[in-house]
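Reading through the structure tokens given below for one structure.
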2 protein chains.
Amino acid sequence: MPPPPTIAQQLAAKQREISIAEFFERNRQILGFDNPQRALLTTVKEAVDNGIDAAEEASILPELTIEISKESDDRLRVAVTDNGPGILRKEIPNVFGRLLYGSRFHSNRQARGQQGIGISAAVLYANLTTARPAKITCKVEEEEAAHVLELFLDTQKNLPRVTSEDVVLWDRPHGTRVELVLKARYVRGRQSPYEYLRGTAIVNPHARIVFVEPDGTRITFERASGELPPLPRETLPHPYGLELGELGYHLKASRRPTLGEFLAKDLQGVSARAVREVLEKAGLKASQKPSQVQGADQERLLAALHDVSLIAPSADCLSPIGPMLIKRGLRNVLGDLRPEFFAPPVSRPPKVRGGFPFMVEVGLVYGGALPADQPVQILRFANRVPLLFQQGACAITNAIATMDWRRYGLDQKGGSGIPGGPALLLVHVASTKIPFTSEAKEAVAEDPEIDKELTLALQAAARHLRTHLSRMSRRNFASDKFEIIQRILPKLAEKASHLVDRPVPDLTPVITRIMDVVNVETRVESEPSGVRVPVAITNYTPRARVLELFVELPPELLAAATFDPAPDGSEPALGRAWWTLPKLAPNGRTELATRFPAKTEVEGNDFDWYVAGIDESHVLGADPLPGDWDVRLPRTIVEAAEAADQESEPGETAGEEEVDYDAAEAGEPSGEDE
Amino acid sequence: MPPPPTIAQQLAAKQREISIAEFFERNRQILGFDNPQRALLTTVKEAVDNGIDAAEEASILPELTIEISKESDDRLRVAVTDNGPGILRKEIPNVFGRLLYGSRFHSNRQARGQQGIGISAAVLYANLTTARPAKITCKVEEEEAAHVLELFLDTQKNLPRVTSEDVVLWDRPHGTRVELVLKARYVRGRQSPYEYLRGTAIVNPHARIVFVEPDGTRITFERASGELPPLPRETLPHPYGLELGELGYHLKASRRPTLGEFLAKDLQGVSARAVREVLEKAGLKASQKPSQVQGADQERLLAALHDVSLIAPSADCLSPIGPMLIKRGLRNVLGDLRPEFFAPPVSRPPKVRGGFPFMVEVGLVYGGALPADQPVQILRFANRVPLLFQQGACAITNAIATMDWRRYGLDQKGGSGIPGGPALLLVHVASTKIPFTSEAKEAVAEDPEIDKELTLALQAAARHLRTHLSRMSRRNFASDKFEIIQRILPKLAEKASHLVDRPVPDLTPVITRIMDVVNVETRVESEPSGVRVPVAITNYTPRARVLELFVELPPELLAAATFDPAPDGSEPALGRAWWTLPKLAPNGRTELATRFPAKTEVEGNDFDWYVAGIDESHVLGADPLPGDWDVRLPRTIVEAAEAADQESEPGETAGEEEVDYDAAEAGEPSGEDE
């Protein structure tokens, strides 16, 4: 009789490999299938993300139909049809019935899907909860008919099992349709397919999305743009942030004959000069075979790559939404809430983490009918996909919560946490590799590089908000003063005149002297022939003024505008133009006429007016020129202004000569900006 | 020349399988390796969890040494040694160098590790960041020497690659040592290895843990209990919550010859009667082969299993911490903070989700030096493992944040969010399968069943808190009153006597009549010969009283106590004892002496005193007997009390006869309990 097994032997007998599908079957919450409501959303999300990715890759304007219908009490049928290029018959089973199988994992460019898990996980969940196969219909352009397959995912093998197959005619040139019956619950509202599709439409204005709800309601998110965003280019890994193991992997996998060629051609950003510097620092020869660089050589090579200055990573592989579409998207989503302020959207320059480029975009709106007594709304996006769950676990939320928003004019208990106020933040992180906290891709993981960019972008947006709020409070203060003076002074004068029995004097000069402001007023007038934006500048100060007026507009609006008089200078790329205004006597008024073609989408908020030649406390409706404008005031203007001042009130000029335009933003909270 | 490939062909050419190791290499944040600080913690955690699991499985009291030392600027060496049974040579490479390989995935019992990912992920991270192999030393009892292997994890194949091997003598009978060099950062404080090990010590008082920090500091968490917790038993899946796909899997995998045997022997909780009922309801025959039950038959079988009443799942497969150790653990961690109140820890009965049993335990402490102006501290545990990250994404946090704590006496803005106040909550979820939000196992995913149990457990703890707080406020009110009366009344009497020129009268009866309370006062006096806890009961009411006094103590304290006089009855298992006190005349006093052996850990908080025979508004320092005590007052006592009352003040007795002890907890907030 053999001896009884020892404990170590008993334990060893239980050791075995687990298939990735078994793992996820038991841990489906990791994939976003915690409960019937979330499972439905995740299923829709995976199918829609794949559909848009496929269409874009084939340079097709995406068009998707999502139909959800009721099968029984706790079962729904989900069918998602896209107009992508379709999938070859031989690939269908693996794409839909095998986890970790996909085409985008190794491609170094921004995509919605990447991991080859999503849609197969939905198939797995459907199989598991209803024992019904997934039904896939695919047609590629070069074939006459479509393939229809029914399949299961065999969890123990992580392989597809096709249970039926057919060929049918399908009245479209190409496309894919996924049909699943799953245990699910339909809701509308927060964290619903509707919210997800609306969010998708916001940041993918080139997609047309038709959504049919279980009760038959049909909602269409029409295309807001007929232009495909530029297809992100596949790029090579960038050495910044590359780690030893990854470098080793690339060296081993390289087909280049020499290390020199590997550096120049398998990595991004390494110029010929940098190749020489790197090799010299690392003490390595250009002629070595890449795969022979090992151990300590690898370590020195990596240190040298991190030490030498390289070309910044290309952003071609990224597909940012862009300021214009962020603004348009926000305008869409906010509709009736009519916020009083749209901050110029912030697009940070691309950065690199772990060899993967990424960038952050932020949009901020304020006021209007947004609720003032609640936390600010946060719309999170990663690679143009809305993130609806796990807000509390997301680096985006964390970056917002760790900023002191009180400095920028929002409520915030103790200077941390989600701020309160009538504001909405849209934050988009785009990257060839987003570090999600889980396979369900619902939250961005903490990462020092991303955190830094998020904070910088949020701060930039917040500064716009602060400028707006202080402008508003100055404006409100000045106009309150204006109103009081205009109402009370005449009454005082009347009474006084009556008492001394004299005629009531003309009060205009007195009012002007008390007000002591130059007022800049912008109106927007839409007419069939075009949009007019007259800007009236009135000098309610007791002296003559020679002023420079500056405008900042979204560049494409500036390009569409005609001004009368024509600007004295402009920077079209930045959307800036400026004028030296004719000398304005006390109570003098001048008007600048701006015109746009009919139907241009333009509003008062699009114009940021700045004035130079006068202290900011004497301006209403415009701001002092920010210090970062690279426009030098011609000496003559300053002199003219001085002369004008001297002409009327020589004694009061001194203070204004000292105005330091570069210090206009000096109120910046210190220590947190770049 | 062949035609150029179509788009569908181009895309198909890129399709490929991704190894799970490649996937995690790119998504290491999912495994808890986001950054050097967290990577260190995760590495320590995985090695320690494995070490304790292994020792417990072999019924060995765990003893672990964790050494962290500095290798270079950004590299640390981590070595974790356990006294488990060791691992057979042939299994070492797979256990440490292959993801999704393990012994506990299919075992239906509570364990720390389960997925076969953790330690291999640490090896992968170390390989990747420093290109250094993992060094594993293992000795099993039956072999003379230990095996030492150095190995890498080949990410493309997800297979181990052993690079060196040796056999050495190791001066221990059995055990495992893992040594890794990784890019890491050492911190102490929040989310540190120290915090993790301290948390582990709290809920694993049977483990001895030695921790050596990089600066050489040696910290030992000594064993607080020499008893191994009972090893959780492996159990069969329970049908409640089982889904179609899982049932199908079990049917197919079954080796039972008939469906009847499958139901009775492959599932848990299905009695012979239930087997008959299920088969009848489903219209299936007991003699069928399990694997032949398919399609609609499966659906009917599942519906019948969910419909028929089954035996509740066994909790043998779980290893709760238990009220006693929760209290001891909290006392350890809180030390100098000396909370004024330890709520009796709550252990909910086990429940089932998706066929997997789970249970929730909650400990709550309040007051003392805990900070009053901050959010309550939350200690989260899953299967006896501290959860340090992702607090915001955790179902435990969410259950706390969605309860209205204002009803229970804590601050909470708007009735949701983490409450504020001098309190600490310990929450433990134990299950054969914890639904973690990610592979890093740092947060419990939302699940309706778990949420419900969490809420019920938290509410039970919160009710204890509310009772305590209202007791304290009554007590404070009464003692304030006491103090005022004793200070002011004599002065008034003196003044009045002086005015009317009469001697100052004896005020005691008057004070007594105004106070109208029985005072119960507990002192703890430590002496070399033992600990004395005298309890003085003074009748400051104007009538004679016959009272019953009850005490509740941790059972092991009750067992150690000697009382004088001896109790009239006791329930040792519940830690309860009671006395009928001698009749107390107005101003009468009696003392109950309690003694414990020298060095017994006992404090005033350990005693809960209750009194029967008097309305609660007339008691200070004790509470009315809760309704759930199964102690019936002998009729004679009540009668004696009545008689005593009649003796002194016959007119005032009526109100006290109506005291309803069962209604003592009637202040319950309605609508949120079971």
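In the structure tokens, chains take the letters A, B, ... in the order shown, each chain's residues start at 1, and ligands count up from 1 in the order shown.
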Using only C-alpha atoms, which protein or nucleic acid residues come within 12 Å of Leu549 (chain A)? Drop anything in the same chain fewer than 5 positions from it, and give the result as a PDB file with N, CA and C atoms, in the first residue's frame.
ATOM      1  N   VAL A 518     -15.265 103.231 -18.874  1.00  0.00           N
ATOM      2  CA  VAL A 518     -15.521 103.041 -20.304  1.00  0.00           C
ATOM      3  C   VAL A 518     -16.355 101.771 -20.409  1.00  0.00           C
ATOM      4  N   ASN A 519     -17.501 101.877 -21.061  1.00  0.00           N
ATOM      5  CA  ASN A 519     -18.410 100.749 -21.155  1.00  0.00           C
ATOM      6  C   ASN A 519     -18.297 100.084 -22.529  1.00  0.00           C
ATOM      7  N   VAL A 520     -18.084  98.742 -22.530  1.00  0.00           N
ATOM      8  CA  VAL A 520     -18.028  97.991 -23.787  1.00  0.00           C
ATOM      9  C   VAL A 520     -19.245  97.064 -23.809  1.00  0.00           C
ATOM     10  N   VAL A 535     -20.489  96.271 -31.405  1.00  0.00           N
ATOM     11  CA  VAL A 535     -19.863  96.499 -30.101  1.00  0.00           C
ATOM     12  C   VAL A 535     -19.785  98.004 -29.885  1.00  0.00           C
ATOM     13  N   ALA A 536     -20.475  98.481 -28.864  1.00  0.00           N
ATOM     14  CA  ALA A 536     -20.483  99.917 -28.594  1.00  0.00           C
ATOM     15  C   ALA A 536     -19.513 100.225 -27.473  1.00  0.00           C
ATOM     16  N   ILE A 537     -18.632 101.204 -27.676  1.00  0.00           N
ATOM     17  CA  ILE A 537     -17.678 101.617 -26.650  1.00  0.00           C
ATOM     18  C   ILE A 537     -18.016 103.058 -26.271  1.00  0.00           C
ATOM     19  N   PRO A 565     -14.526  99.082 -38.400  1.00  0.00           N
ATOM     20  CA  PRO A 565     -13.350  99.110 -39.274  1.00  0.00           C
ATOM     21  C   PRO A 565     -12.545  97.811 -39.207  1.00  0.00           C
ATOM     22  N   PRO A 567      -9.461  95.371 -38.547  1.00  0.00           N
ATOM     23  CA  PRO A 567      -8.518  95.419 -37.430  1.00  0.00           C
ATOM     24  C   PRO A 567      -7.149  95.959 -37.848  1.00  0.00           C
ATOM     25  N   ASP A 568      -6.452  96.514 -36.886  1.00  0.00           N
ATOM     26  CA  ASP A 568      -5.097  97.008 -37.152  1.00  0.00           C
ATOM     27  C   ASP A 568      -4.091  95.867 -37.149  1.00  0.00           C
ATOM     28  N   GLY A 569      -4.511  94.737 -36.592  1.00  0.00           N
ATOM     29  CA  GLY A 569      -3.626  93.570 -36.578  1.00  0.00           C
ATOM     30  C   GLY A 569      -4.431  92.367 -36.163  1.00  0.00           C
ATOM     31  N   SER A 570      -3.906  91.161 -36.473  1.00  0.00           N
ATOM     32  CA  SER A 570      -4.627  89.964 -36.037  1.00  0.00           C
ATOM     33  C   SER A 570      -3.690  88.763 -36.021  1.00  0.00           C
ATOM     34  N   ARG A 576      -7.337  85.927 -32.715  1.00  0.00           N
ATOM     35  CA  ARG A 576      -7.209  87.238 -32.081  1.00  0.00           C
ATOM     36  C   ARG A 576      -7.140  88.370 -33.106  1.00  0.00           C
ATOM     37  N   ALA A 577      -7.700  89.514 -32.741  1.00  0.00           N
ATOM     38  CA  ALA A 577      -7.593  90.711 -33.596  1.00  0.00           C
ATOM     39  C   ALA A 577      -7.618  91.939 -32.691  1.00  0.00           C
ATOM     40  N   TRP A 578      -7.095  93.071 -33.190  1.00  0.00           N
ATOM     41  CA  TRP A 578      -7.084  94.287 -32.355  1.00  0.00           C
ATOM     42  C   TRP A 578      -7.167  95.560 -33.165  1.00  0.00           C
ATOM     43  N   TRP A 579      -7.622  96.565 -32.480  1.00  0.00           N
ATOM     44  CA  TRP A 579      -7.863  97.870 -33.085  1.00  0.00           C
ATOM     45  C   TRP A 579      -7.346  98.967 -32.167  1.00  0.00           C
ATOM     46  N   THR A 580      -6.829 100.057 -32.769  1.00  0.00           N
ATOM     47  CA  THR A 580      -6.657 101.276 -31.995  1.00  0.00           C
ATOM     48  C   THR A 580      -7.898 102.116 -32.255  1.00  0.00           C
ATOM     49  N   LEU A 581      -8.629 102.427 -31.206  1.00  0.00           N
ATOM     50  CA  LEU A 581      -9.896 103.137 -31.393  1.00  0.00           C
ATOM     51  C   LEU A 581      -9.632 104.625 -31.575  1.00  0.00           C
ATOM     52  N   PRO A 582     -10.530 105.289 -32.290  1.00  0.00           N
ATOM     53  CA  PRO A 582     -10.403 106.756 -32.384  1.00  0.00           C
ATOM     54  C   PRO A 582     -10.521 107.369 -30.992  1.00  0.00           C
ATOM     55  N   THR A 590     -18.214 105.131 -29.725  1.00  0.00           N
ATOM     56  CA  THR A 590     -17.857 104.650 -31.061  1.00  0.00           C
ATOM     57  C   THR A 590     -18.377 103.222 -31.174  1.00  0.00           C
ATOM     58  N   GLU A 591     -18.555 102.765 -32.407  1.00  0.00           N
ATOM     59  CA  GLU A 591     -19.076 101.406 -32.569  1.00  0.00           C
ATOM     60  C   GLU A 591     -18.198 100.628 -33.523  1.00  0.00           C
ATOM     61  N   LEU A 592     -18.003  99.345 -33.182  1.00  0.00           N
ATOM     62  CA  LEU A 592     -17.252  98.429 -34.040  1.00  0.00           C
ATOM     63  C   LEU A 592     -18.281  97.432 -34.569  1.00  0.00           C
ATOM     64  N   ASP A 608     -14.340  87.330 -26.354  1.00  0.00           N
ATOM     65  CA  ASP A 608     -13.687  87.841 -25.161  1.00  0.00           C
ATOM     66  C   ASP A 608     -13.038  89.168 -25.540  1.00  0.00           C
ATOM     67  N   TRP A 609     -13.519  90.239 -24.936  1.00  0.00           N
ATOM     68  CA  TRP A 609     -12.993  91.570 -25.238  1.00  0.00           C
ATOM     69  C   TRP A 609     -11.976  91.993 -24.201  1.00  0.00           C
ATOM     70  N   TYR A 610     -10.903  92.598 -24.696  1.00  0.00           N
ATOM     71  CA  TYR A 610      -9.874  93.126 -23.799  1.00  0.00           C
ATOM     72  C   TYR A 610      -9.561  94.547 -24.199  1.00  0.00           C
ATOM     73  N   VAL A 611      -9.129  95.339 -23.215  1.00  0.00           N
ATOM     74  CA  VAL A 611      -8.833  96.736 -23.480  1.00  0.00           C
ATOM     75  C   VAL A 611      -7.472  97.061 -22.890  1.00  0.00           C
ATOM     76  N   ALA A 612      -6.689  97.836 -23.613  1.00  0.00           N
ATOM     77  CA  ALA A 612      -5.438  98.353 -23.057  1.00  0.00           C
ATOM     78  C   ALA A 612      -5.471  99.862 -23.142  1.00  0.00           C
ATOM     79  N   GLY A 613      -4.720 100.523 -22.270  1.00  0.00           N
ATOM     80  CA  GLY A 613      -4.654 101.983 -22.288  1.00  0.00           C
ATOM     81  C   GLY A 613      -5.469 102.586 -21.152  1.00  0.00           C
ATOM     82  N   ILE A 614      -5.989 101.734 -20.282  1.00  0.00           N
ATOM     83  CA  ILE A 614      -6.814 102.239 -19.187  1.00  0.00           C
ATOM     84  C   ILE A 614      -6.754 101.209 -18.054  1.00  0.00           C
ATOM     85  N   VAL A 619     -13.075  99.963 -16.556  1.00  0.00           N
ATOM     86  CA  VAL A 619     -13.663  99.324 -17.735  1.00  0.00           C
ATOM     87  C   VAL A 619     -14.830  98.451 -17.318  1.00  0.00           C
ATOM     88  N   GLY A 621     -17.401  95.543 -19.120  1.00  0.00           N
ATOM     89  CA  GLY A 621     -17.731  94.759 -20.318  1.00  0.00           C
ATOM     90  C   GLY A 621     -16.507  94.284 -21.071  1.00  0.00           C
ATOM     91  N   ALA A 622     -15.332  94.552 -20.570  1.00  0.00           N
ATOM     92  CA  ALA A 622     -14.107  94.018 -21.183  1.00  0.00           C
ATOM     93  C   ALA A 622     -13.099  93.830 -20.064  1.00  0.00           C
ATOM     94  N   ASP A 623     -12.014  93.140 -20.376  1.00  0.00           N
ATOM     95  CA  ASP A 623     -11.005  92.865 -19.362  1.00  0.00           C
ATOM     96  C   ASP A 623      -9.683  93.490 -19.760  1.00  0.00           C
ATOM     97  N   PRO A 624      -8.793  93.653 -18.778  1.00  0.00           N
ATOM     98  CA  PRO A 624      -7.462  94.110 -19.149  1.00  0.00           C
ATOM     99  C   PRO A 624      -6.788  93.044 -20.008  1.00  0.00           C
ATOM    100  N   LEU A 625      -5.947  93.451 -20.916  1.00  0.00           N
ATOM    101  CA  LEU A 625      -5.257  92.510 -21.798  1.00  0.00           C
ATOM    102  C   LEU A 625      -4.415  91.546 -20.962  1.00  0.00           C
ATOM    103  N   VAL A 631       1.411  90.853 -27.887  1.00  0.00           N
ATOM    104  CA  VAL A 631       1.153  92.068 -28.665  1.00  0.00           C
ATOM    105  C   VAL A 631       1.745  93.233 -27.898  1.00  0.00           C
ATOM    106  N   LEU A 633       2.187  97.081 -27.227  1.00  0.00           N
ATOM    107  CA  LEU A 633       1.505  98.332 -27.539  1.00  0.00           C
ATOM    108  C   LEU A 633       2.502  99.286 -28.164  1.00  0.00           C
ATOM    109  N   ILE A 637       0.773 104.816 -28.935  1.00  0.00           N
ATOM    110  CA  ILE A 637      -0.542 104.705 -28.310  1.00  0.00           C
ATOM    111  C   ILE A 637      -0.470 105.157 -26.860  1.00  0.00           C
TER     112      ILE A 637
END
- Residue list for chain A near chain B as a list in words, 6 Å, only C-alpha atoms: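 The answer, sorted by residue number, is Ala8, Lys14, Gln15, Arg16, Glu17, Ile18, Ile30, Pro85, Ile87, Leu100, Tyr101, Gly102, Ser103, Leu128, Thr129, Ala131, Glu243, Leu244, Gly245, Gly392, Ala393, Thr437 and Ser438 of chain A.
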How about saving the chosen residues, N, CA and C atoms kept, as a short mmCIF file (atom, residue, chain, number, x, y, z; two decimals), in the first residue's frame?
data_model
loop_
_atom_site.label_atom_id
_atom_site.label_comp_id
_atom_site.auth_asym_id
_atom_site.auth_seq_id
_atom_site.Cartn_x
_atom_site.Cartn_y
_atom_site.Cartn_z
N ALA A 8 1.68 18.54 1.39
CA ALA A 8 2.19 19.20 0.18
C ALA A 8 1.71 18.46 -1.07
N LYS A 14 -4.25 19.48 -6.25
CA LYS A 14 -5.36 20.39 -6.58
C LYS A 14 -4.95 21.50 -7.55
N GLN A 15 -3.63 21.63 -7.76
CA GLN A 15 -3.16 22.71 -8.63
C GLN A 15 -3.63 22.48 -10.06
N ARG A 16 -4.12 23.51 -10.70
CA ARG A 16 -4.50 23.36 -12.10
C ARG A 16 -4.60 24.73 -12.75
N GLU A 17 -4.65 24.68 -14.07
CA GLU A 17 -4.78 25.92 -14.82
C GLU A 17 -6.27 26.29 -14.90
N ILE A 18 -6.52 27.58 -14.87
CA ILE A 18 -7.88 28.06 -14.98
C ILE A 18 -8.00 28.78 -16.31
N ILE A 30 -16.19 42.05 -12.61
CA ILE A 30 -15.00 42.75 -13.10
C ILE A 30 -15.23 43.25 -14.53
N PRO A 85 -17.11 47.48 -41.85
CA PRO A 85 -16.73 46.69 -43.02
C PRO A 85 -17.14 45.21 -42.91
N ILE A 87 -17.00 41.31 -40.88
CA ILE A 87 -15.92 40.44 -40.41
C ILE A 87 -15.92 39.18 -41.28
N LEU A 100 -9.98 37.61 -24.95
CA LEU A 100 -8.60 37.95 -25.26
C LEU A 100 -8.23 37.59 -26.68
N TYR A 101 -9.14 37.90 -27.58
CA TYR A 101 -8.85 37.69 -29.00
C TYR A 101 -9.31 38.96 -29.70
N GLY A 102 -8.41 39.63 -30.39
CA GLY A 102 -8.81 40.87 -31.02
C GLY A 102 -7.73 41.40 -31.94
N SER A 103 -8.03 42.52 -32.57
CA SER A 103 -7.11 43.04 -33.58
C SER A 103 -6.37 44.28 -33.10
N LEU A 128 -24.63 32.30 -20.21
CA LEU A 128 -24.68 31.86 -18.82
C LEU A 128 -26.04 32.11 -18.19
N THR A 129 -26.66 33.24 -18.54
CA THR A 129 -27.90 33.60 -17.85
C THR A 129 -29.14 33.09 -18.56
N ALA A 131 -28.79 30.62 -21.37
CA ALA A 131 -28.44 29.41 -22.13
C ALA A 131 -28.81 29.55 -23.61
N GLU A 243 9.69 50.78 -19.53
CA GLU A 243 10.39 50.09 -18.45
C GLU A 243 11.27 48.97 -18.97
N LEU A 244 12.12 48.50 -18.08
CA LEU A 244 13.13 47.53 -18.47
C LEU A 244 12.54 46.31 -19.17
N GLY A 245 11.53 45.74 -18.58
CA GLY A 245 10.92 44.54 -19.14
C GLY A 245 10.37 44.78 -20.53
N GLY A 392 -16.59 57.29 -8.33
CA GLY A 392 -15.79 57.51 -7.13
C GLY A 392 -14.39 56.93 -7.21
N ALA A 393 -14.18 55.97 -8.13
CA ALA A 393 -12.89 55.30 -8.20
C ALA A 393 -12.04 55.84 -9.33
N THR A 437 -9.36 50.95 -14.40
CA THR A 437 -9.25 50.24 -13.12
C THR A 437 -9.70 48.79 -13.24
N SER A 438 -10.51 48.47 -14.25
CA SER A 438 -10.89 47.08 -14.44
C SER A 438 -11.24 46.84 -15.90
#
- Message: Quick check, in Å to one decimal: how far apart do CA of Arg331 (chain A) and CA of Leu364 (chain A) lie?
- Response: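 That distance, rounded to one decimal, is 11.0 Å.
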- Task: Can you check which residues of region 179-343 of chain B DSSP gives as strand (DSSP E) on the backbone and send them as number ranges by chain?
- Result: B: 179-183, 208-212, 218-221, 341-342
- Item | Spatial neighbours of region 469-485 of chain A, 7 Å, only C-alpha atoms, chain gap at least 6 places, as a PyMOL selection string | chain A and resi 409+511+515+620-621
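Residues in contact with region 368-376 of chain B at 9 Å, where only C-alpha atoms are counted and same-chain residues fewer than 5 positions away are skipped, are listed as Leu334, Asp336, Leu337, Arg338, Pro339, Glu340, Phe341, Asp411, Gln412, Ile418, Pro419, Gly420, Gly421, Pro422, Ala423, Leu424 and Leu425 of chain B.
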Can those selected residues be exported to a file as a PDB file, in the first residue's frame so that it contains C-alpha atoms?
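again_22.pdb written:
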ATOM      1  CA  LEU B 334      -7.400  51.676  19.156  1.00  0.00           C
ATOM      2  CA  ASP B 336      -4.651  54.861  23.561  1.00  0.00           C
ATOM      3  CA  LEU B 337      -7.758  56.267  21.954  1.00  0.00           C
ATOM      4  CA  ARG B 338      -9.806  54.604  24.734  1.00  0.00           C
ATOM      5  CA  PRO B 339     -13.224  54.743  23.085  1.00  0.00           C
ATOM      6  CA  GLU B 340     -16.064  55.180  25.532  1.00  0.00           C
ATOM      7  CA  PHE B 341     -18.216  52.580  23.796  1.00  0.00           C
ATOM      8  CA  ASP B 411     -23.372  63.769  11.890  1.00  0.00           C
ATOM      9  CA  GLN B 412     -24.163  63.381   8.229  1.00  0.00           C
ATOM     10  CA  ILE B 418     -19.661  58.979   5.079  1.00  0.00           C
ATOM     11  CA  PRO B 419     -20.935  60.142   8.468  1.00  0.00           C
ATOM     12  CA  GLY B 420     -18.789  62.255  10.749  1.00  0.00           C
ATOM     13  CA  GLY B 421     -18.024  61.785  14.408  1.00  0.00           C
ATOM     14  CA  PRO B 422     -15.731  60.067  16.890  1.00  0.00           C
ATOM     15  CA  ALA B 423     -16.475  56.579  15.608  1.00  0.00           C
ATOM     16  CA  LEU B 424     -14.777  53.701  13.841  1.00  0.00           C
ATOM     17  CA  LEU B 425     -16.436  50.974  11.817  1.00  0.00           C
TER      18      LEU B 425
END
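Close contacts of Ala559 (chain A), defined as residues with an atom at most 12 Å away when counting only C-alpha atoms, with chain neighbours fewer than 6 positions off set aside, comprise Glu552, Leu553, Ser570, Glu571, Pro572, Ala573, Leu574, Gly575, Arg576, Ala577, Thr594, Arg595, Phe596, Pro597 and Thr600 of chain A.
Distances to Leu458 (chain A) were evaluated for A:Asp171, A:Glu494, A:Asp404, A:Asp297 using only C-alpha atoms, and the minimum falls at A:Asp404.
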- Message: as a PyMOL selection string, please: every residue in region 500-537 of chain B that DSSP puts in alpha helix (DSSP H).
- Response: chain B and resi 500+508-515
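Of the listed residues A:Arg545, A:Lys413, A:Lys351, A:Lys495, the one whose atoms come nearest to Asp451 (chain A) is A:Lys351, with distances taken using only C-alpha atoms.
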- Task: Find the residues near His306 (chain A): any atom within 8 Å, counting only C-alpha atoms, skip ones fewer than 6 places away on the same chain, and give them as a list of chain:residue names.
- Result: A:Pro239, A:Tyr240, A:Gly241
- Find the residues near region 320-326 of chain B: any atom within 7 Å, counting only C-alpha atoms, skip ones fewer than 4 places away on the same chain, and give them as a count of residues only. 7
- Can you work out the spacing between CA of Gly97 (chain A) and CA of Glu46 (chain A) in Å, to one decimal?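 That distance, rounded to one decimal, is 13.7 Å.
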- Across B:Asp615, B:Glu525, B:Asp154, B:Asp516, the smallest distance to Phe96 (chain B), with only C-alpha atoms counted, is shown by B:Asp154
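Of the listed residues A:Val429, A:Glu144, A:Ala457, A:Glu601, the one whose atoms come nearest to Trp170 (chain A) is A:Glu144, with distances taken using only C-alpha atoms.
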